[in-house]
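Chemist: Pasting in a structure now, in C-alpha cells, and then I'll have a few things to ask.
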Amino acid sequence: MAEIVIVPDRAAAGALVADEIAALIARRPDAVLGLATGSTPLPVYEALRSRLAGADVSRVRGFALDEYVGIDPGHPESYRSVITREVVRPLGLDPARVRTPDGTLDGIEHHGEDYEEAIAHAGGVDLQLLGIGTTGHIGFNEPGSSFASRTRVKTLTQQTREDNARFFDSVDDVPTHCITQGLGTILDARHLVLLAFGEGKAAAVAGAVEGPVTSSLPGSAIQLHPHVTVVVDESAASRLAHADYYRYAYARKPAWQGL
Ligand code: F6R
C-alpha cells in the first residue's frame, strides 16, 4: 500500500518532500530526479531552494514527465521553459543534465524511444514527483493508457486542456497533443511521490489510492508500485475512506523508516 500523508497545507507538503529530496542528494550526489510540472510541485521546488543552498548539485540529473507537442520550446509555458524557470535556475542544476521529452514535430516518432534510452542510460529515476489531473492522469497518461506504456505521444482530453488553459491565453492555445512518460516508465522509478491539493483533486486521489486498479483511472497504477508516498492536504484527502487510519499510521511511524 502507498503511504498516505495528510498535511495541513501546500507549504507543509513542500517542506516534507524537499527534505526527502535533499537527503537523497546528500546520499547520492548524482541522484536522478523525476520532475513534474503544473502547479502541484511548486511548493517542493520552492522549499528545495533553501535546502540545497550551498550543496553540490553539479551531478544531479533530472527528467521531466512530459512536454506539449508542437509548442515552441522557447514558449514560456513549454515544460522545457517551466523546468528551466522553476527548477534548473533556482536550484542551480546543470541544464545539460536535465531533460524534457522533445516535443518538436521533426522526428517526433522517435523522441519517445530516445527519452527512454536517456533515462535507462542515467540508471533510472530515483525519486519521481507526480501530480494528478482531474481526469486521474499521471504524467499525461489519460484514461485508457496502458499500464505497460512507455514514453510516447498522447492526445490530451478536452478536460485536461481546459484545466491547463489557465497557463495560456485561451483553451484554444493549449496544445492537443503531448509526449509523456508512460505508466510503465513511471512505475520503473524507485520511489514515487504523488502530491495533490484542493477539493478538485479529491475524487482522483480517492480513485488512485483506494479505487480499483484500472486504466480508466491511470493514477491507480501507483497501487502496483512497492514504494509510493502520497502527500495530500485535507481537501484532497476529503474523499479517502481510510483517512483516519492513514493519520493514525503516520503518527506512529518508526523514525528510521523515512518517507
Ligand atoms: C505535469 C503532469 C501532470 C500534472 C497534472 C496536475 O508534468 O504530468 O500530470 O501533474 O495535470 O496538474 P496541476 O499540478 O497543475 O494541477
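Letters A, B, ... go to the chains of the C-alpha cells in the order shown; residues in each chain start at 1; ligands are counted from 1 in the same order.
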List the neighbours of Ala122 (chain A) out to 12 Å using only C-alpha atoms; skip same-chain residues closer than 6 positions along the sequence, and give me the result as a ChimeraX atom specification.

Modeler: /A:30-34,59-63,97-99,115-116,189

Chemist: So which residues are near ligand 1, meaning at most 7 Å away with only C-alpha atoms and all ligand atoms counted, given back as a compact mmCIF listing (two decimals) with N, CA, C and O atoms, in the first residue's frame?

Modeler:
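And here's pocket.txt as it stands now:
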```
# COMPACT_ATOMS: atom_id res chain seq x y z
N ALA A 36 7.98 16.83 -12.14
CA ALA A 36 6.63 17.13 -12.63
C ALA A 36 6.53 18.64 -12.87
O ALA A 36 7.29 19.43 -12.30
N THR A 37 5.60 19.02 -13.70
CA THR A 37 5.31 20.44 -13.92
C THR A 37 3.88 20.71 -13.44
O THR A 37 3.32 19.92 -12.70
N GLY A 38 3.29 21.82 -13.85
CA GLY A 38 1.97 22.20 -13.33
C GLY A 38 2.13 22.90 -11.99
O GLY A 38 3.25 23.18 -11.54
N SER A 39 1.01 23.16 -11.32
CA SER A 39 1.04 23.92 -10.07
C SER A 39 1.51 23.07 -8.88
O SER A 39 2.12 23.58 -7.94
N THR A 40 1.17 21.78 -8.90
CA THR A 40 1.33 20.96 -7.70
C THR A 40 2.75 20.89 -7.14
O THR A 40 2.93 21.03 -5.92
N PRO A 41 3.79 20.68 -7.95
CA PRO A 41 5.12 20.50 -7.36
C PRO A 41 5.80 21.80 -6.94
O PRO A 41 6.87 21.76 -6.32
N ALA A 64 12.00 15.39 -16.93
CA ALA A 64 10.61 15.83 -16.79
C ALA A 64 9.67 14.71 -17.26
O ALA A 64 10.04 13.86 -18.05
N LEU A 65 8.46 14.78 -16.73
CA LEU A 65 7.46 13.75 -17.10
C LEU A 65 6.97 13.90 -18.53
O LEU A 65 6.71 12.90 -19.20
N ASP A 66 6.81 15.15 -18.96
CA ASP A 66 6.08 15.33 -20.21
C ASP A 66 6.38 16.68 -20.86
O ASP A 66 7.03 17.53 -20.25
N LEU A 130 5.06 13.38 -8.76
CA LEU A 130 3.86 13.27 -9.58
C LEU A 130 2.79 14.22 -9.06
O LEU A 130 2.61 14.33 -7.83
N GLY A 131 2.06 14.84 -9.97
CA GLY A 131 0.78 15.45 -9.63
C GLY A 131 -0.28 14.50 -10.17
O GLY A 131 0.04 13.45 -10.73
N ILE A 132 -1.52 14.86 -10.03
CA ILE A 132 -2.58 14.06 -10.63
C ILE A 132 -3.61 15.00 -11.25
O ILE A 132 -3.94 16.04 -10.64
N GLY A 133 -4.06 14.67 -12.44
CA GLY A 133 -5.04 15.52 -13.11
C GLY A 133 -6.46 15.20 -12.63
O GLY A 133 -6.70 14.14 -12.03
N HIS A 137 -5.19 11.41 -14.59
CA HIS A 137 -3.91 11.15 -15.27
C HIS A 137 -2.73 11.39 -14.33
O HIS A 137 -2.79 12.22 -13.42
N ILE A 138 -1.67 10.62 -14.55
CA ILE A 138 -0.34 10.94 -14.00
C ILE A 138 0.57 11.03 -15.21
O ILE A 138 0.38 10.29 -16.17
N GLY A 139 1.60 11.93 -15.15
CA GLY A 139 2.18 12.34 -16.42
C GLY A 139 0.98 12.85 -17.22
O GLY A 139 0.04 13.40 -16.66
N PHE A 140 1.01 12.64 -18.52
CA PHE A 140 -0.19 12.97 -19.31
C PHE A 140 -0.83 11.67 -19.81
O PHE A 140 -1.35 11.61 -20.91
N THR A 160 -8.45 18.08 -19.67
CA THR A 160 -7.08 18.49 -19.31
C THR A 160 -6.72 19.81 -19.99
O THR A 160 -6.11 20.69 -19.38
N ASN A 164 -5.72 23.20 -18.02
CA ASN A 164 -4.43 23.86 -18.23
C ASN A 164 -4.55 25.19 -18.98
O ASN A 164 -3.54 25.88 -19.19
```

Chemist: Might you pull out every residue within 8 Å of Gly207 (chain A), with only C-alpha atoms counted and same-chain residues fewer than 5 positions away left off, and present them as a list of chain:residue names?

Modeler: A:Gly136, A:Pro212, A:Leu217, A:Gly219, A:Ser220

Chemist: Could you write out, as a count of residues only, all the residues of region 1-127 of chain A that DSSP marks as strand (DSSP E)?

Modeler: 19

Chemist: In Å to one decimal, how far is CA of Asp102 (chain A) from CA of Val82 (chain A)?

Modeler: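 So the answer is 14.0 Å.
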
Chemist: Using only C-alpha atoms, which of A:Val230, A:Val213, A:Leu195, A:Val69 sits nearest Leu156 (chain A)?

Modeler: A:Val69

Chemist: Would you mind reading off the distance between CA of Ala241 (chain A) and CA of Glu199 (chain A), one decimal, in Å?

Modeler: 15.0 Å

Chemist: So, with only C-alpha atoms as the atoms that count, which of A:Asp169, A:Asp188, A:Glu3, A:Glu67 lies closest to Arg150 (chain A)?

Modeler: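 Of all the options, A:Asp188 lies closest to Arg150 (chain A).
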
Chemist: Determine which residues of region 21-135 of chain A DSSP labels as helix (DSSP H, G or I) from the backbone of this structure, then write them out as a ChimeraX atom specification.

Modeler: /A:21-27,42-52,79-91,95-97,108-121

Chemist: Using only C-alpha atoms, which protein or nucleic acid residues come within 10 Å of Val174 (chain A)? Drop anything in the same chain fewer than 6 positions from it, and give the result as an mmCIF file with all heavy atoms, in the first residue's frame.

Modeler:
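Now in result-v8.cif:
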```
data_model
loop_
_atom_site.group_PDB
_atom_site.id
_atom_site.type_symbol
_atom_site.label_atom_id
_atom_site.label_comp_id
_atom_site.auth_asym_id
_atom_site.auth_seq_id
_atom_site.Cartn_x
_atom_site.Cartn_y
_atom_site.Cartn_z
ATOM 1 N N TYR A 68 4.465 19.382 -24.132
ATOM 2 C CA TYR A 68 3.466 19.558 -25.186
ATOM 3 C C TYR A 68 4.119 19.300 -26.535
ATOM 4 O O TYR A 68 5.293 19.627 -26.748
ATOM 5 C CB TYR A 68 2.929 20.988 -25.164
ATOM 6 C CG TYR A 68 2.125 21.331 -23.924
ATOM 7 C CD1 TYR A 68 2.599 22.274 -23.012
ATOM 8 C CD2 TYR A 68 0.896 20.716 -23.685
ATOM 9 C CE1 TYR A 68 1.854 22.603 -21.884
ATOM 10 C CE2 TYR A 68 0.151 21.042 -22.552
ATOM 11 C CZ TYR A 68 0.639 21.982 -21.659
ATOM 12 O OH TYR A 68 -0.098 22.304 -20.546
ATOM 13 N N ILE A 71 4.770 22.704 -29.444
ATOM 14 C CA ILE A 71 4.962 24.013 -28.811
ATOM 15 C C ILE A 71 6.401 24.463 -29.061
ATOM 16 O O ILE A 71 7.323 23.628 -29.107
ATOM 17 C CB ILE A 71 4.655 23.935 -27.289
ATOM 18 C CG1 ILE A 71 4.414 25.318 -26.698
ATOM 19 C CG2 ILE A 71 5.750 23.190 -26.529
ATOM 20 C CD1 ILE A 71 3.812 25.285 -25.275
ATOM 21 N N GLU A 77 5.329 28.658 -21.577
ATOM 22 C CA GLU A 77 4.606 27.536 -20.965
ATOM 23 C C GLU A 77 5.007 26.175 -21.525
ATOM 24 O O GLU A 77 4.372 25.168 -21.209
ATOM 25 C CB GLU A 77 3.098 27.744 -21.081
ATOM 26 C CG GLU A 77 2.606 28.929 -20.263
ATOM 27 C CD GLU A 77 3.023 28.887 -18.784
ATOM 28 O OE1 GLU A 77 3.154 27.780 -18.234
ATOM 29 O OE2 GLU A 77 3.243 29.969 -18.201
ATOM 30 N N LEU A 156 -4.347 14.874 -25.514
ATOM 31 C CA LEU A 156 -4.887 15.363 -24.238
ATOM 32 C C LEU A 156 -6.409 15.349 -24.289
ATOM 33 O O LEU A 156 -7.010 15.634 -25.333
ATOM 34 C CB LEU A 156 -4.399 16.789 -23.974
ATOM 35 C CG LEU A 156 -2.893 16.916 -23.736
ATOM 36 C CD1 LEU A 156 -2.480 18.388 -23.734
ATOM 37 C CD2 LEU A 156 -2.492 16.255 -22.430
ATOM 38 N N GLN A 158 -10.101 16.896 -23.538
ATOM 39 C CA GLN A 158 -10.573 18.279 -23.519
ATOM 40 C C GLN A 158 -10.561 18.807 -22.080
ATOM 41 O O GLN A 158 -10.240 19.960 -21.825
ATOM 42 C CB GLN A 158 -11.976 18.364 -24.135
ATOM 43 C CG GLN A 158 -12.494 19.775 -24.307
ATOM 44 C CD GLN A 158 -11.609 20.666 -25.183
ATOM 45 O OE1 GLN A 158 -10.731 20.192 -25.907
ATOM 46 N NE2 GLN A 158 -11.821 21.974 -25.096
ATOM 47 N N THR A 160 -8.448 18.078 -19.666
ATOM 48 C CA THR A 160 -7.082 18.489 -19.307
ATOM 49 C C THR A 160 -6.723 19.806 -19.988
ATOM 50 O O THR A 160 -6.106 20.691 -19.385
ATOM 51 C CB THR A 160 -6.085 17.376 -19.686
ATOM 52 O OG1 THR A 160 -6.392 16.220 -18.888
ATOM 53 C CG2 THR A 160 -4.641 17.797 -19.434
ATOM 54 N N ARG A 161 -7.155 19.971 -21.241
ATOM 55 C CA ARG A 161 -6.860 21.233 -21.938
ATOM 56 C C ARG A 161 -7.548 22.391 -21.209
ATOM 57 O O ARG A 161 -6.968 23.465 -21.036
ATOM 58 C CB ARG A 161 -7.293 21.155 -23.396
ATOM 59 C CG ARG A 161 -6.454 20.135 -24.175
ATOM 60 C CD ARG A 161 -6.854 20.085 -25.637
ATOM 61 N NE ARG A 161 -6.455 21.273 -26.352
ATOM 62 C CZ ARG A 161 -7.239 21.934 -27.219
ATOM 63 N NH1 ARG A 161 -8.468 21.528 -27.439
ATOM 64 N NH2 ARG A 161 -6.782 23.004 -27.830
ATOM 65 N N GLU A 162 -8.760 22.150 -20.750
ATOM 66 C CA GLU A 162 -9.468 23.212 -20.007
ATOM 67 C C GLU A 162 -8.783 23.474 -18.663
ATOM 68 O O GLU A 162 -8.615 24.620 -18.250
ATOM 69 C CB GLU A 162 -10.942 22.833 -19.812
ATOM 70 C CG GLU A 162 -11.746 23.042 -21.076
ATOM 71 C CD GLU A 162 -13.108 22.361 -21.065
ATOM 72 O OE1 GLU A 162 -13.583 21.990 -19.973
ATOM 73 O OE2 GLU A 162 -13.676 22.204 -22.163
ATOM 74 N N ASP A 163 -8.376 22.404 -17.992
ATOM 75 C CA ASP A 163 -7.675 22.575 -16.704
ATOM 76 C C ASP A 163 -6.387 23.387 -16.883
ATOM 77 O O ASP A 163 -5.992 24.145 -15.989
ATOM 78 C CB ASP A 163 -7.324 21.212 -16.099
ATOM 79 C CG ASP A 163 -8.547 20.459 -15.574
ATOM 80 O OD1 ASP A 163 -9.617 21.082 -15.433
ATOM 81 O OD2 ASP A 163 -8.430 19.247 -15.319
ATOM 82 N N ASN A 164 -5.717 23.199 -18.023
ATOM 83 C CA ASN A 164 -4.427 23.864 -18.234
ATOM 84 C C ASN A 164 -4.546 25.192 -18.979
ATOM 85 O O ASN A 164 -3.535 25.875 -19.195
ATOM 86 C CB ASN A 164 -3.467 22.925 -18.974
ATOM 87 C CG ASN A 164 -2.969 21.828 -18.043
ATOM 88 O OD1 ASN A 164 -3.419 21.725 -16.900
ATOM 89 N ND2 ASN A 164 -2.034 21.025 -18.494
ATOM 90 N N ALA A 165 -5.781 25.566 -19.334
ATOM 91 C CA ALA A 165 -5.986 26.818 -20.067
ATOM 92 C C ALA A 165 -5.512 28.021 -19.254
ATOM 93 O O ALA A 165 -5.162 29.063 -19.809
ATOM 94 C CB ALA A 165 -7.454 26.972 -20.442
ATOM 95 N N ARG A 166 -5.462 27.866 -17.920
ATOM 96 C CA ARG A 166 -5.040 28.993 -17.073
ATOM 97 C C ARG A 166 -3.591 29.413 -17.348
ATOM 98 O O ARG A 166 -3.196 30.524 -16.999
ATOM 99 C CB ARG A 166 -5.213 28.649 -15.590
ATOM 100 C CG ARG A 166 -4.301 27.544 -15.075
ATOM 101 C CD ARG A 166 -4.747 27.125 -13.663
ATOM 102 N NE ARG A 166 -3.790 26.270 -12.968
ATOM 103 C CZ ARG A 166 -3.657 24.968 -13.170
ATOM 104 N NH1 ARG A 166 -4.409 24.353 -14.080
ATOM 105 N NH2 ARG A 166 -2.769 24.276 -12.484
ATOM 106 N N PHE A 167 -2.819 28.526 -17.951
ATOM 107 C CA PHE A 167 -1.428 28.873 -18.265
ATOM 108 C C PHE A 167 -1.292 29.555 -19.633
ATOM 109 O O PHE A 167 -0.210 30.003 -20.001
ATOM 110 C CB PHE A 167 -0.551 27.610 -18.270
ATOM 111 C CG PHE A 167 -0.477 26.927 -16.921
ATOM 112 C CD1 PHE A 167 -1.033 25.666 -16.721
ATOM 113 C CD2 PHE A 167 0.151 27.542 -15.847
ATOM 114 C CE1 PHE A 167 -0.968 25.036 -15.487
ATOM 115 C CE2 PHE A 167 0.223 26.917 -14.606
ATOM 116 C CZ PHE A 167 -0.340 25.662 -14.430
ATOM 117 N N PHE A 168 -2.381 29.567 -20.395
ATOM 118 C CA PHE A 168 -2.345 30.111 -21.757
ATOM 119 C C PHE A 168 -3.377 31.234 -21.876
ATOM 120 O O PHE A 168 -4.151 31.472 -20.949
ATOM 121 C CB PHE A 168 -2.663 28.992 -22.772
ATOM 122 C CG PHE A 168 -1.614 27.919 -22.829
ATOM 123 C CD1 PHE A 168 -1.605 26.869 -21.892
ATOM 124 C CD2 PHE A 168 -0.614 27.937 -23.801
ATOM 125 C CE1 PHE A 168 -0.634 25.876 -21.938
ATOM 126 C CE2 PHE A 168 0.353 26.940 -23.850
ATOM 127 C CZ PHE A 168 0.342 25.911 -22.915
#
```

Chemist: Could you check the closest approach to Val171 (chain A) for each of A:Pro226, A:Ala196, A:Ala203, A:Gln159 and tell me which residue wins, using only C-alpha atoms?

Modeler: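 Using only C-alpha atoms, the shortest distance to Val171 (chain A) belongs to A:Gln159.
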
Chemist: Need the shell around Leu187 (chain A): protein/DNA/RNA residues with any atom at most 10 Å away, counting only C-alpha atoms. Skip same-chain ones fewer than 3 positions apart. Format as a list of chain:residue names?

Modeler: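 Answer for this query is A:Val125, A:Gln128, A:Phe147, A:Ala148, A:Ser149, A:Gln181, A:Gly182, A:Leu183, A:Gly184, A:Arg190, A:His191, A:Leu192, A:Ala221, A:Ile222, A:Gln223, A:Leu224, A:His225, A:Pro226, A:His227, A:Val228.
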
Chemist: Go through A:Leu35, A:Val88, A:Leu240, A:Leu259 one by one, measure the shortest atom-to-atom distance of each to Glu20 (chain A) using only C-alpha atoms, and give the residue with the smallest value.

Modeler: A:Leu259

Chemist: Report, in Å to a single decimal, how far apart CA of Tyr245 (chain A) and CA of Val7 (chain A) are.

Modeler: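 One can read the CA of Val7 (chain A) to CA of Tyr245 (chain A) distance as 14.2 Å.
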
Chemist: Could you list, as number ranges by chain, every residue within 12 Å of region 53-58 of chain A, counting only C-alpha atoms and ignoring same-chain residues fewer than 3 positions away?

Modeler: A: 21-33, 46-50, 61-62, 87-98
